[in-house]
Structures are given as structure tokens and as C-alpha cells.
file final_38.cif (mmCIF, C-alpha atoms and all ligand atoms)
data_protein
loop_
_atom_site.label_atom_id
_atom_site.label_comp_id
_atom_site.auth_asym_id
_atom_site.auth_seq_id
_atom_site.Cartn_x
_atom_site.Cartn_y
_atom_site.Cartn_z
CA MET T 1 260.61 262.41 17.95
CA LYS T 2 258.62 265.56 18.26
CA SER T 3 258.32 267.83 15.25
CA PHE T 4 258.89 271.48 15.69
CA ILE T 5 258.42 274.50 13.49
CA ALA T 6 260.98 277.25 13.40
CA ALA T 7 260.41 280.68 11.98
CA GLY T 8 262.57 281.31 8.93
CA LEU T 9 263.09 277.60 8.25
CA LEU T 10 261.88 277.02 4.72
CA LEU T 11 261.71 273.26 4.52
CA ALA T 12 262.43 270.77 7.25
CA CYS T 13 262.02 267.02 6.95
CA VAL T 14 260.66 265.59 10.15
CA SER T 15 260.22 262.05 11.27
CA VAL T 16 256.59 261.94 12.30
CA SER T 17 253.94 261.29 9.69
CA SER T 18 251.51 263.73 11.27
CA ALA T 19 253.64 266.70 10.26
CA GLN T 20 252.60 266.85 6.62
CA SER T 21 251.55 270.43 6.84
CA ILE T 22 252.25 273.98 5.86
CA ILE T 23 251.53 276.83 8.24
CA VAL T 24 251.28 280.43 7.05
CA ASP T 25 251.15 282.95 9.88
CA ASN T 26 250.18 286.61 9.54
CA ALA T 27 253.85 287.46 10.13
CA SER T 28 254.93 285.20 7.23
CA SER T 29 256.03 286.42 3.80
CA GLY T 30 253.06 284.53 2.36
CA PHE T 31 250.62 286.86 4.10
CA VAL T 32 249.35 290.26 3.00
CA SER T 33 246.38 292.36 4.10
CA ARG T 34 244.79 295.36 2.44
CA THR T 35 242.08 297.93 2.98
CA GLY T 36 240.06 299.85 0.43
CA ILE T 37 240.37 297.35 -2.41
CA GLY T 38 238.30 297.64 -5.60
CA VAL T 39 238.11 296.14 -9.06
CA PRO T 40 239.75 297.81 -12.06
CA ILE T 41 238.23 297.10 -15.47
CA PHE T 42 240.50 297.50 -18.48
CA MET T 43 239.13 298.56 -21.87
CA TYR T 44 240.98 297.40 -24.96
CA HIS T 45 240.06 297.71 -28.63
CA GLY T 46 242.04 296.15 -31.51
CA LEU T 47 245.33 294.54 -30.52
CA ASP T 48 247.24 294.37 -33.79
CA ALA T 49 248.81 296.46 -36.54
CA PRO T 50 245.68 298.13 -38.00
CA PHE T 51 245.21 299.76 -34.60
CA GLY T 52 248.82 300.72 -34.17
CA TYR T 53 249.18 297.97 -31.61
CA ASN T 54 252.01 295.50 -31.41
CA ALA T 55 250.44 292.21 -30.27
CA ALA T 56 253.66 291.40 -28.39
CA ASP T 57 253.04 294.44 -26.19
CA PHE T 58 249.64 293.05 -25.22
CA VAL T 59 251.20 289.67 -24.44
CA ALA T 60 253.78 291.42 -22.27
CA GLN T 61 251.00 293.23 -20.39
CA MET T 62 249.23 289.94 -19.72
CA ASP T 63 252.51 288.39 -18.55
CA TRP T 64 252.98 291.29 -16.14
CA LEU T 65 249.48 290.77 -14.71
CA LYS T 66 250.09 287.03 -14.36
CA ASN T 67 253.57 287.37 -12.84
CA ASN T 68 252.30 289.96 -10.37
CA GLY T 69 249.46 287.84 -9.04
CA PHE T 70 246.41 289.38 -10.70
CA ASN T 71 243.29 287.25 -11.07
CA THR T 72 240.62 287.96 -13.67
CA ILE T 73 237.00 287.72 -12.63
CA THR T 74 233.85 287.68 -14.76
CA LEU T 75 231.21 290.40 -14.89
CA ASP T 76 228.76 287.91 -13.35
CA HIS T 77 231.14 287.44 -10.41
CA TYR T 78 231.59 291.19 -10.07
CA ARG T 79 227.83 291.87 -10.17
CA SER T 80 227.11 289.25 -7.52
CA TRP T 81 229.91 290.53 -5.26
CA ALA T 82 228.74 294.13 -5.63
CA GLN T 83 225.16 293.21 -4.76
CA THR T 84 225.69 290.59 -2.05
CA GLY T 85 229.37 290.50 -1.05
CA SER T 86 229.61 286.96 -2.43
CA PRO T 87 231.45 285.21 -4.07
CA ALA T 88 234.49 286.68 -2.34
CA LEU T 89 237.03 288.43 -4.53
CA PRO T 90 240.30 286.66 -5.31
CA PRO T 91 243.54 288.52 -4.57
CA LYS T 92 244.20 291.37 -7.02
CA PRO T 93 240.96 291.09 -8.99
CA ILE T 94 240.75 292.60 -12.47
CA ILE T 95 238.34 292.48 -15.42
CA LEU T 96 239.60 292.59 -19.01
CA THR T 97 237.19 293.94 -21.63
CA PHE T 98 237.60 294.32 -25.40
CA ASP T 99 235.31 296.61 -27.38
CA ASP T 100 234.07 296.29 -30.97
CA ASN T 101 234.73 292.56 -31.56
CA TYR T 102 237.78 293.14 -33.75
CA LEU T 103 239.28 289.94 -35.12
CA SER T 104 242.28 290.32 -32.81
CA ILE T 105 239.96 289.31 -29.95
CA TYR T 106 240.14 285.83 -31.50
CA THR T 107 243.66 285.80 -32.94
CA VAL T 108 245.49 287.59 -30.11
CA ALA T 109 243.42 287.96 -26.92
CA TYR T 110 241.88 284.48 -26.90
CA PRO T 111 245.09 282.38 -26.98
CA THR T 112 246.95 284.83 -24.74
CA LEU T 113 244.28 284.83 -22.03
CA GLN T 114 243.68 281.09 -22.27
CA ALA T 115 247.38 280.28 -21.78
CA ARG T 116 247.43 282.34 -18.57
CA GLY T 117 244.15 281.13 -17.08
CA PHE T 118 242.51 284.53 -17.63
CA THR T 119 239.03 285.42 -18.82
CA GLY T 120 237.80 288.44 -20.76
CA VAL T 121 234.73 290.14 -22.17
CA ASN T 122 234.10 290.77 -25.88
CA TYR T 123 231.65 293.66 -26.38
CA ALA T 124 230.27 293.05 -29.89
CA HIS T 125 228.12 295.40 -31.97
CA THR T 126 226.13 292.66 -33.60
CA TYR T 127 225.50 294.15 -37.07
CA TYR T 128 229.25 293.92 -37.71
CA VAL T 129 229.90 290.39 -36.41
CA GLY T 130 231.88 288.54 -39.10
CA VAL T 131 232.12 291.66 -41.29
CA MET T 132 235.49 292.00 -42.97
CA THR T 133 236.48 295.61 -43.60
CA SER T 134 239.80 297.33 -43.19
CA TYR T 135 239.08 296.50 -39.54
CA ASP T 136 238.01 292.84 -39.52
CA HIS T 137 235.56 291.47 -36.98
CA ALA T 138 235.28 288.02 -35.38
CA ASP T 139 232.38 285.89 -36.60
CA TRP T 140 229.76 283.99 -34.62
CA LEU T 141 231.61 280.67 -34.76
CA GLU T 142 234.68 282.32 -33.29
CA CYS T 143 232.59 284.01 -30.58
CA ALA T 144 230.92 280.69 -29.75
CA GLU T 145 234.27 278.90 -29.59
CA MET T 146 235.71 281.46 -27.16
CA GLU T 147 232.54 281.28 -25.05
CA GLN T 148 232.51 277.48 -24.89
CA ALA T 149 236.19 277.45 -23.95
CA GLY T 150 235.24 279.58 -20.93
CA VAL T 151 237.81 282.21 -21.88
CA ILE T 152 236.12 285.15 -23.60
CA PHE T 153 232.45 285.93 -23.09
CA THR T 154 230.63 287.94 -25.75
CA GLU T 155 228.31 290.66 -24.45
CA SER T 156 226.46 293.53 -26.11
CA HIS T 157 227.84 296.73 -27.59
CA THR T 158 224.41 297.34 -29.26
CA VAL T 159 223.63 296.55 -32.91
CA MET T 160 224.89 299.55 -34.89
CA HIS T 161 227.23 301.23 -32.43
CA ASN T 162 225.26 304.47 -32.28
CA ASN T 163 225.52 306.75 -29.27
CA LEU T 164 222.41 305.69 -27.34
CA THR T 165 221.83 309.21 -26.00
CA THR T 166 221.08 310.38 -29.57
CA LEU T 167 218.25 307.86 -30.15
CA ASN T 168 214.56 308.01 -29.31
CA THR T 169 213.30 305.40 -26.87
CA ALA T 170 212.01 303.00 -29.52
CA ALA T 171 215.29 303.05 -31.45
CA MET T 172 217.18 302.69 -28.18
CA ASP T 173 215.13 299.62 -27.25
CA ASN T 174 215.80 298.08 -30.67
CA GLU T 175 219.55 298.50 -30.21
CA LEU T 176 219.47 297.01 -26.71
CA ILE T 177 217.07 294.12 -27.35
CA ASN T 178 218.07 293.09 -30.87
CA SER T 179 221.76 292.88 -30.01
CA LYS T 180 220.98 290.80 -26.94
CA ASN T 181 218.82 288.45 -29.03
CA ALA T 182 221.44 288.15 -31.77
CA ILE T 183 224.08 287.11 -29.25
CA GLN T 184 221.74 284.60 -27.60
CA ASN T 185 220.62 283.17 -30.96
CA ASN T 186 224.16 282.66 -32.23
CA ILE T 187 225.97 281.41 -29.13
CA PRO T 188 224.46 278.17 -27.80
CA GLY T 189 223.18 278.44 -24.25
CA LYS T 190 224.13 282.09 -23.93
CA VAL T 191 222.29 284.56 -21.71
CA CYS T 192 223.53 288.05 -22.57
CA LYS T 193 223.49 290.21 -19.42
CA HIS T 194 226.11 292.92 -19.91
CA LEU T 195 226.40 296.03 -22.06
CA ALA T 196 229.08 298.55 -23.00
CA TYR T 197 227.70 301.93 -24.06
CA PRO T 198 229.03 302.91 -27.53
CA TYR T 199 231.24 305.98 -27.17
CA GLY T 200 230.54 305.72 -23.45
CA GLY T 201 227.30 307.63 -24.07
CA TYR T 202 224.58 307.28 -21.44
CA ASN T 203 222.05 309.23 -19.42
CA ALA T 204 219.19 308.41 -17.04
CA THR T 205 216.92 307.25 -19.90
CA VAL T 206 219.63 305.01 -21.35
CA ILE T 207 220.20 303.43 -17.93
CA ALA T 208 216.46 302.82 -17.44
CA ARG T 209 216.03 301.22 -20.90
CA THR T 210 219.21 299.15 -20.43
CA GLN T 211 217.85 297.79 -17.17
CA ALA T 212 214.41 297.17 -18.71
CA ALA T 213 216.02 295.19 -21.56
CA GLY T 214 217.41 292.74 -19.02
CA TYR T 215 221.02 293.85 -18.65
CA GLN T 216 222.61 293.52 -15.20
CA THR T 217 225.64 295.75 -15.74
CA ALA T 218 226.83 298.38 -18.17
CA THR T 219 230.33 299.78 -18.61
CA THR T 220 231.23 303.37 -19.44
CA THR T 221 234.43 305.06 -20.57
CA LEU T 222 234.74 306.92 -17.26
CA SER T 223 238.06 306.21 -15.59
CA GLY T 224 238.40 304.77 -12.09
CA VAL T 225 238.18 301.73 -9.85
CA ASN T 226 234.86 300.01 -9.09
CA VAL T 227 233.69 299.44 -5.53
CA ARG T 228 230.46 297.91 -4.27
CA THR T 229 228.72 301.28 -4.27
CA THR T 230 229.68 302.10 -7.86
CA PRO T 231 226.38 302.06 -9.83
CA LEU T 232 226.20 298.82 -11.80
CA TYR T 233 225.06 300.69 -14.94
CA GLU T 234 227.94 303.17 -14.67
CA LEU T 235 230.97 300.92 -14.20
CA ARG T 236 234.34 302.60 -14.65
CA ARG T 237 237.05 301.45 -17.05
CA TYR T 238 240.68 302.28 -17.68
CA GLY T 239 241.30 302.67 -21.41
CA ILE T 240 244.45 300.85 -22.56
CA ASN T 241 245.78 301.76 -26.00
CA PRO T 242 249.06 301.48 -27.93
CA ASN T 243 250.30 304.71 -26.37
CA THR T 244 249.64 303.67 -22.78
CA ALA T 245 252.94 303.87 -20.93
CA THR T 246 254.02 300.85 -18.90
CA ALA T 247 253.91 302.86 -15.68
CA THR T 248 250.37 304.02 -16.45
CA PHE T 249 249.25 300.47 -17.22
CA GLN T 250 250.73 299.16 -14.00
CA SER T 251 249.31 301.92 -11.82
CA ALA T 252 245.85 301.33 -13.31
CA ALA T 253 246.13 297.62 -12.43
CA ASN T 254 247.35 298.49 -8.94
CA ALA T 255 244.60 301.07 -8.41
CA GLY T 256 242.37 298.29 -7.05
CA LEU T 257 244.74 297.30 -4.29
CA GLY T 258 243.78 300.06 -1.90
CA SER T 259 246.27 300.96 0.75
CA GLY T 260 247.44 299.91 4.13
CA ALA T 261 247.73 296.65 6.00
CA TRP T 262 245.36 295.59 8.76
CA PRO T 263 246.61 296.67 12.19
CA ALA T 264 248.43 294.02 14.19
CA SER T 265 247.66 293.24 17.80
CA SER T 266 248.79 290.88 20.53
CA ALA T 267 246.22 291.96 23.11
CA ASP T 268 244.11 288.81 23.18
CA PRO T 269 245.45 285.48 24.47
CA GLY T 270 245.76 282.34 22.38
CA LEU T 271 247.44 283.93 19.39
CA TYR T 272 249.64 282.02 16.94
CA GLY T 273 253.21 283.30 16.60
CA THR T 274 253.78 286.84 17.81
CA ASN T 275 250.59 288.69 16.88
CA TYR T 276 247.50 288.72 14.67
CA ALA T 277 245.86 291.23 12.31
CA THR T 278 242.33 292.57 12.61
CA ALA T 279 239.80 294.54 10.59
CA ALA T 280 236.57 296.15 11.75
CA ALA T 281 233.28 295.07 10.19
CA GLY T 282 233.17 296.38 6.62
CA THR T 283 231.75 295.70 3.19
CA GLY T 284 234.33 293.39 1.66
CA HIS T 285 236.85 296.05 0.66
CA GLY T 286 239.28 294.77 3.30
CA GLN T 287 241.02 291.51 2.52
CA ALA T 288 243.66 289.32 4.19
CA ILE T 289 245.44 286.76 2.00
CA TRP T 290 247.51 283.71 2.95
CA SER T 291 249.39 282.27 -0.07
CA PHE T 292 250.92 278.81 -0.30
CA THR T 293 252.04 276.01 -2.59
CA VAL T 294 251.87 272.28 -1.90
CA PRO T 295 254.65 269.71 -2.48
CA ALA T 296 252.38 267.22 -4.27
CA SER T 297 248.96 267.28 -5.87
CA GLY T 298 246.30 265.81 -3.63
CA LEU T 299 243.70 266.30 -0.94
CA TYR T 300 244.42 268.57 2.02
CA THR T 301 242.64 269.77 5.14
CA VAL T 302 242.70 273.55 5.54
CA SER T 303 242.39 275.00 9.06
CA ALA T 304 242.40 278.49 10.51
CA TRP T 305 243.63 279.84 13.83
CA TRP T 306 242.27 282.95 15.52
CA THR T 307 241.90 284.64 18.88
CA THR T 308 238.52 285.26 20.46
CA ASN T 309 236.90 288.33 21.94
CA THR T 310 233.30 289.41 22.43
CA ASN T 311 233.63 292.01 19.64
CA ARG T 312 234.38 289.35 17.02
CA ALA T 313 232.30 288.51 13.95
CA THR T 314 230.11 285.42 14.14
CA ASN T 315 230.20 285.16 10.33
CA ALA T 316 233.84 285.80 9.41
CA PRO T 317 234.14 284.77 5.74
CA PHE T 318 237.18 282.60 5.00
CA THR T 319 237.47 281.65 1.32
CA VAL T 320 239.65 278.77 0.14
CA PHE T 321 240.80 279.02 -3.49
CA HIS T 322 241.47 275.43 -4.61
CA ALA T 323 241.78 273.30 -7.74
CA GLY T 324 237.99 273.09 -8.06
CA GLY T 325 237.25 276.80 -7.66
CA GLN T 326 236.55 278.74 -4.49
CA SER T 327 234.65 277.86 -1.30
CA THR T 328 233.64 280.27 1.44
CA VAL T 329 233.20 279.13 5.05
CA LEU T 330 231.64 281.46 7.63
CA VAL T 331 233.14 281.00 11.09
CA ASN T 332 232.23 282.30 14.53
CA GLN T 333 235.33 284.03 15.89
CA GLN T 334 233.72 284.59 19.29
CA GLN T 335 234.63 280.98 20.08
CA ASN T 336 237.23 278.26 19.41
CA GLY T 337 240.19 280.64 19.62
CA GLY T 338 243.72 279.37 20.22
CA GLN T 339 243.29 276.18 18.19
CA TRP T 340 243.18 274.89 14.62
CA ASN T 341 239.63 275.02 13.23
CA PRO T 342 239.00 273.03 10.04
CA LEU T 343 237.64 274.93 7.03
CA GLY T 344 237.20 271.74 4.98
CA GLN T 345 239.08 269.39 2.67
CA TYR T 346 240.23 270.63 -0.71
CA THR T 347 242.33 269.46 -3.67
CA PHE T 348 245.46 271.41 -4.60
CA GLN T 349 247.93 270.85 -7.43
CA SER T 350 251.68 271.16 -7.07
CA GLY T 351 253.39 273.99 -8.91
CA LYS T 352 250.50 276.43 -8.44
CA THR T 353 249.99 279.14 -5.86
CA TYR T 354 246.76 278.93 -3.88
CA PHE T 355 245.16 281.29 -1.39
CA VAL T 356 243.01 281.46 1.67
CA THR T 357 241.40 284.87 2.11
CA LEU T 358 239.42 286.52 4.89
CA ASN T 359 237.47 289.69 4.18
CA ASP T 360 235.71 292.24 6.36
CA ASN T 361 232.18 291.66 5.01
CA ALA T 362 231.09 290.51 8.46
CA ASN T 363 229.07 291.53 11.53
CA GLY T 364 232.04 292.25 13.80
CA VAL T 365 235.83 292.41 13.99
CA VAL T 366 237.52 289.70 11.88
CA VAL T 367 240.85 288.19 12.95
CA ALA T 368 243.58 287.05 10.55
CA ASP T 369 246.17 284.97 12.38
CA ALA T 370 247.40 281.70 10.82
CA ILE T 371 246.20 279.02 8.44
CA ARG T 372 247.38 275.40 8.14
CA VAL T 373 247.24 273.15 5.08
CA GLN T 374 247.67 269.49 5.99
CA SER T 375 248.08 266.60 3.56
CA LEU T 376 245.63 263.70 3.64
CA SER T 377 247.64 261.73 1.10
CA SER T 378 250.17 259.06 2.06
CA ALA T 379 251.98 259.86 -1.20
CA VAL T 380 253.31 263.06 0.33
CA ALA T 381 256.60 262.53 2.13
CA ASP T 382 256.95 263.91 5.64
CA TRP T 383 257.43 267.63 5.44
CA THR T 384 256.79 270.77 7.36
CA LEU T 385 256.88 274.11 5.66
CA TYR T 386 256.78 277.37 7.53
CA GLU T 387 256.44 280.46 5.39
ZN ZN D 1 232.92 300.69 -29.43
#

call {"tool": "encode", "arguments": {"input": "final_38.cif", "output": "C-alpha cells"}}
result
Amino acid sequence: MKSFIAAGLLLACVSVSSAQSIIVDNASSGFVSRTGIGVPIFMYHGLDAPFGYNAADFVAQMDWLKNNGFNTITLDHYRSWAQTGSPALPPKPIILTFDDNYLSIYTVAYPTLQARGFTGVNYAHTYYVGVMTSYDHADWLECAEMEQAGVIFTESHTVMHNNLTTLNTAAMDNELINSKNAIQNNIPGKVCKHLAYPYGGYNATVIARTQAAGYQTATTTLSGVNVRTTPLYELRRYGINPNTATATFQSAANAGLGSGAWPASSADPGLYGTNYATAAAGTGHGQAIWSFTVPASGLYTVSAWWTTNTNRATNAPFTVFHAGGQSTVLVNQQQNGGQWNPLGQYTFQSGKTYFVTLNDNANGVVVADAIRVQSLSSAVADWTLYE
């Protein structure tokens, strides 16, 4: 008996063992494409009562991000993407930062982020690490624990939290270098590479000394979304505080999504389904996303389908987000159109949503048509899923 796939059919058992696959077409509900995407960075301070914050409100914000498909990335990931276009961004990227190392970074942010698979950044002014005042601060053991758990990474907010623009160059260097050394000396294996300017204060001299001290990024208190051309020592952040309205919080998170889907076309032969989406060569701010779940944990072959034309990219970057991380495969879309082209074998777990993305950081037009995820495990019963 021949298997067949019908649009709109969610789950169909079929009687041939070769049909253990899911296909997500660009016309499926599991597909979305965007242009003009960027990365919002959120700036928090204390998260509990001394700051007028109800910790439950923070937890609710993190739940909203999780339930709406946001994925945290690290500052290292951001810096590499901004400079090289790689690693590719996950869908709905966001960076969570926390200034001043208040104890709630450990008691509230740490467990909340860990439970949701998120990461964050703790900008610590090192003179006050472990200091208990009316505003308590996390200590080095707590910072090291959060670091080793891979959840919250401690970076520099200088030593004394002075506005760097008010200091002479020697004092500025002391603040930048001594805080970096304190973090590296107290957190095993740590290389401190990121800075937040106290009070958001910076100028050309501050940037030059920050760079000379070995920092790779610095965040400000300027509001806005970050794109690849945003200066790495002037990264924008959205301040989130107890008075931030829900609508404001959500629009700040959504500010990185850009606008508009990739245009659809059916001009070239060999398409899958009824059409395909395309984007012109860009810088990685255009992204197509195929989402899927698998019926059982195991090893799967992921393949992509496209149409060819002479204007196509020869280095179209498909990225598979899998149980072990993310893997990017560059494909030549000037050839092998109208067929399934393997992107590799990857492990996926049931109950989780995974993605394949294609972005426009390429040397020609990129084509988003369909992807297929096919089980290699005999433990998976015969199934075909069309989303
Ligand atoms: Zn601060």
C-alpha cells in the first residue's frame, strides 16, 4: 500500500515502514518567515520586595517569554553573530541581563531561568559582591554556582559602580581591569568579556579603554533593538522595572521580530506543495523557521526541499536546532531542486518543539520550501505527520 500525505491531515497511520516522517511545508502552520529581525536585550535590577518588585511578576514574565517561543542567547553568541553571521540566531532571540548583582539574581532569577531553559547575564560591581546591606548582593560562591550550572553568567559592572565618564584614564582602567580580574579569580575557568556601563555612562574614551581592557561587548541604557550594525560597545537595552506595563514588556520582546513574511512564489518548477518563499541575499536579519515535534525520542534524518534558479545562493545556511545544540549546513540552491536533500542526522526528544531555520546571510536568493524529519529508529511506529 502506498502512503500518501494530505494537507490538513494531522496524523495518519500508514502501513509502510518507510513513512516515519514529518513534513513541514512553507504553507504549513509550523512555518513562519520574517524580515528585519534583531535581538532585544532586557535590563533588570532587583526582583524582590526591596525594589518594589513582586517576584511572581518576574516569573510570569518568564512564563510569557517561554510560552510565546522566545529563546535566550548568550552575549558570546550575540557577539559572534554580529561579527560573522554565525552561529545562526534561534527563533525569537532575546538576552536577559541583571544589573548590580542583587541577591535576587540567585534567589529568584537563577531558579526561574533554569526551570525554563533560559540563560542570563549578571553584571556585578565587584567591590560589593557578597556585601549585605539593605540591598543584599550575591556572593562569589553563588556566582560560581550559577556560572557552572550554565544558567547565569557573571560579567563586569566595574568595581565601584562609578560613572566611567567622570574618571581619569588611570582610574577608568583600574575599574575595568580590576573588576575583570576579580571575576576571573573567583569563578573557576571564567574569562570575563562583557561590561555594562554604570549609569549607562560612556563616551569615546570609555569605549577605547573598555576595548583595550579586553572586553568584547558593552551594554548601555539606551533603548532599542540590536542589529548586526549596532556598535558592540553601545548595545541597546530595554529597562524592565516593577512599573513596566505588560503591554510594554511584550512589545519590547516583540521588537526583535521585525515585520513581514518572505514573498511567496510558484514561478520555478519542482516546488513542494503550492509555492515556496524567498528572500534576497541579506545579512542574517531575514529568517524562515520550520517548527516540529517528534512522536518519540531518537535519531532522525532532516532533509530540505527547494527549487533551483541561477540567481540562488550557493551557501544557503540551514540550521537544525536539535537535542545536542544547533548545527548549520550550507547548501547550494543552484542545484538539486525538486528533491529531498539531507541536512544530516540529529537527535530529538519527544515533547519538545524543535526548529529548522534558513536565514538570508548568503550570496544569493535563498529558498524556503519544505523540510522533512524522518525517523531512523525502529521504535517509532509507522506515522506520517503533515503540519
Ligand atoms: Zn548598576

call {"tool": "residues_around", "arguments": {"input": "final_38.cif", "residues": "Lys190 of chain T", "least_positions_apart": "4", "cutoff": "10 Å", "atoms": "all atoms listed in the file", "output": "number ranges by chain"}}
result
T: 144, 147-148, 153-155, 180-181, 183-186

call {"tool": "residues_around", "arguments": {"input": "final_38.cif", "residues": "segment 81-92 of chain T", "least_positions_apart": "3", "cutoff": "7 Å", "atoms": "all atoms listed in the file", "output": "compact mmCIF listing (two decimals) with C-alpha atoms, keeping the file's coordinate frame"}}
result
# COMPACT_ATOMS: atom_id res chain seq x y z
CA GLY T 69 249.46 287.84 -9.04
CA PHE T 70 246.41 289.38 -10.70
CA ASN T 71 243.29 287.25 -11.07
CA HIS T 77 231.14 287.44 -10.41
CA TYR T 78 231.59 291.19 -10.07
CA ARG T 228 230.46 297.91 -4.27
CA LEU T 257 244.74 297.30 -4.29
CA GLY T 284 234.33 293.39 1.66
CA THR T 319 237.47 281.65 1.32
CA ASN T 361 232.18 291.66 5.01

call {"tool": "closest_atom_pairs", "arguments": {"input": "final_38.cif", "of": "chain T", "to": "ligand ZN 1 (chain D)", "cutoff": "7 Å", "atoms": "all atoms listed in the file", "output": "JSON lines"}}
result
{"residue": "T:Asp99", "atom": "CA", "partner": "D:ZN1", "partner_atom": "ZN", "distance": 5.2}
{"residue": "T:Asp100", "atom": "CA", "partner": "D:ZN1", "partner_atom": "ZN", "distance": 4.8}
{"residue": "T:His157", "atom": "CA", "partner": "D:ZN1", "partner_atom": "ZN", "distance": 6.7}
{"residue": "T:His161", "atom": "CA", "partner": "D:ZN1", "partner_atom": "ZN", "distance": 6.5}
{"residue": "T:Pro198", "atom": "CA", "partner": "D:ZN1", "partner_atom": "ZN", "distance": 4.9}
{"residue": "T:Tyr199", "atom": "CA", "partner": "D:ZN1", "partner_atom": "ZN", "distance": 6.0}

call {"tool": "atom_distance", "arguments": {"input": "final_38.cif", "atom1": "atom CA of Ser327 of chain T", "atom2": "atom CA of Pro342 of chain T"}}
result
13.1 Å

call {"tool": "closest_residue", "arguments": {"input": "final_38.cif", "among": "T:Thr310, T:Asn26, T:Ser251, T:Ser104", "to": "Ser265 of chain T", "atoms": "only C-alpha atoms"}}
result
T:Asn26

call {"tool": "closest_residue", "arguments": {"input": "final_38.cif", "among": "T:Asp369, T:Glu234, T:Glu142, T:Asp360", "to": "Tyr272 of chain T", "atoms": "only C-alpha atoms"}}
result
T:Asp369

call {"tool": "decode", "arguments": {"input": "final_38.cif", "residues": "segment 354-365 of chain T", "atoms": "N, CA and C atoms", "output": "PDB file, in the first residue's frame"}}
result
ATOM      1  N   TYR T 354      11.143  21.632  18.161  1.00  0.00           N
ATOM      2  CA  TYR T 354      12.446  21.898  17.527  1.00  0.00           C
ATOM      3  C   TYR T 354      12.234  22.727  16.258  1.00  0.00           C
ATOM      4  N   PHE T 355      13.340  23.217  15.715  1.00  0.00           N
ATOM      5  CA  PHE T 355      13.258  24.114  14.562  1.00  0.00           C
ATOM      6  C   PHE T 355      14.322  23.763  13.535  1.00  0.00           C
ATOM      7  N   VAL T 356      13.982  24.040  12.289  1.00  0.00           N
ATOM      8  CA  VAL T 356      14.990  24.227  11.248  1.00  0.00           C
ATOM      9  C   VAL T 356      14.809  25.666  10.777  1.00  0.00           C
ATOM     10  N   THR T 357      15.909  26.403  10.675  1.00  0.00           N
ATOM     11  CA  THR T 357      15.813  27.775  10.170  1.00  0.00           C
ATOM     12  C   THR T 357      16.665  27.913   8.915  1.00  0.00           C
ATOM     13  N   LEU T 358      16.299  28.904   8.120  1.00  0.00           N
ATOM     14  CA  LEU T 358      17.108  29.326   6.971  1.00  0.00           C
ATOM     15  C   LEU T 358      17.176  30.843   7.054  1.00  0.00           C
ATOM     16  N   ASN T 359      18.376  31.412   6.990  1.00  0.00           N
ATOM     17  CA  ASN T 359      18.433  32.878   7.009  1.00  0.00           C
ATOM     18  C   ASN T 359      19.067  33.406   5.725  1.00  0.00           C
ATOM     19  N   ASP T 360      19.012  34.727   5.578  1.00  0.00           N
ATOM     20  CA  ASP T 360      19.403  35.353   4.308  1.00  0.00           C
ATOM     21  C   ASP T 360      20.866  35.807   4.286  1.00  0.00           C
ATOM     22  N   ASN T 361      21.663  35.319   5.227  1.00  0.00           N
ATOM     23  CA  ASN T 361      23.094  35.651   5.237  1.00  0.00           C
ATOM     24  C   ASN T 361      23.796  34.763   4.211  1.00  0.00           C
ATOM     25  N   ALA T 362      23.610  35.095   2.921  1.00  0.00           N
ATOM     26  CA  ALA T 362      24.026  34.216   1.837  1.00  0.00           C
ATOM     27  C   ALA T 362      24.412  35.062   0.624  1.00  0.00           C
ATOM     28  N   ASN T 363      24.951  34.397  -0.401  1.00  0.00           N
ATOM     29  CA  ASN T 363      25.461  35.123  -1.572  1.00  0.00           C
ATOM     30  C   ASN T 363      24.471  35.172  -2.734  1.00  0.00           C
ATOM     31  N   GLY T 364      23.208  34.854  -2.460  1.00  0.00           N
ATOM     32  CA  GLY T 364      22.178  34.928  -3.495  1.00  0.00           C
ATOM     33  C   GLY T 364      20.817  34.713  -2.859  1.00  0.00           C
ATOM     34  N   VAL T 365      19.804  34.579  -3.704  1.00  0.00           N
ATOM     35  CA  VAL T 365      18.441  34.347  -3.198  1.00  0.00           C
ATOM     36  C   VAL T 365      18.383  33.004  -2.467  1.00  0.00           C
TER      37      VAL T 365
END
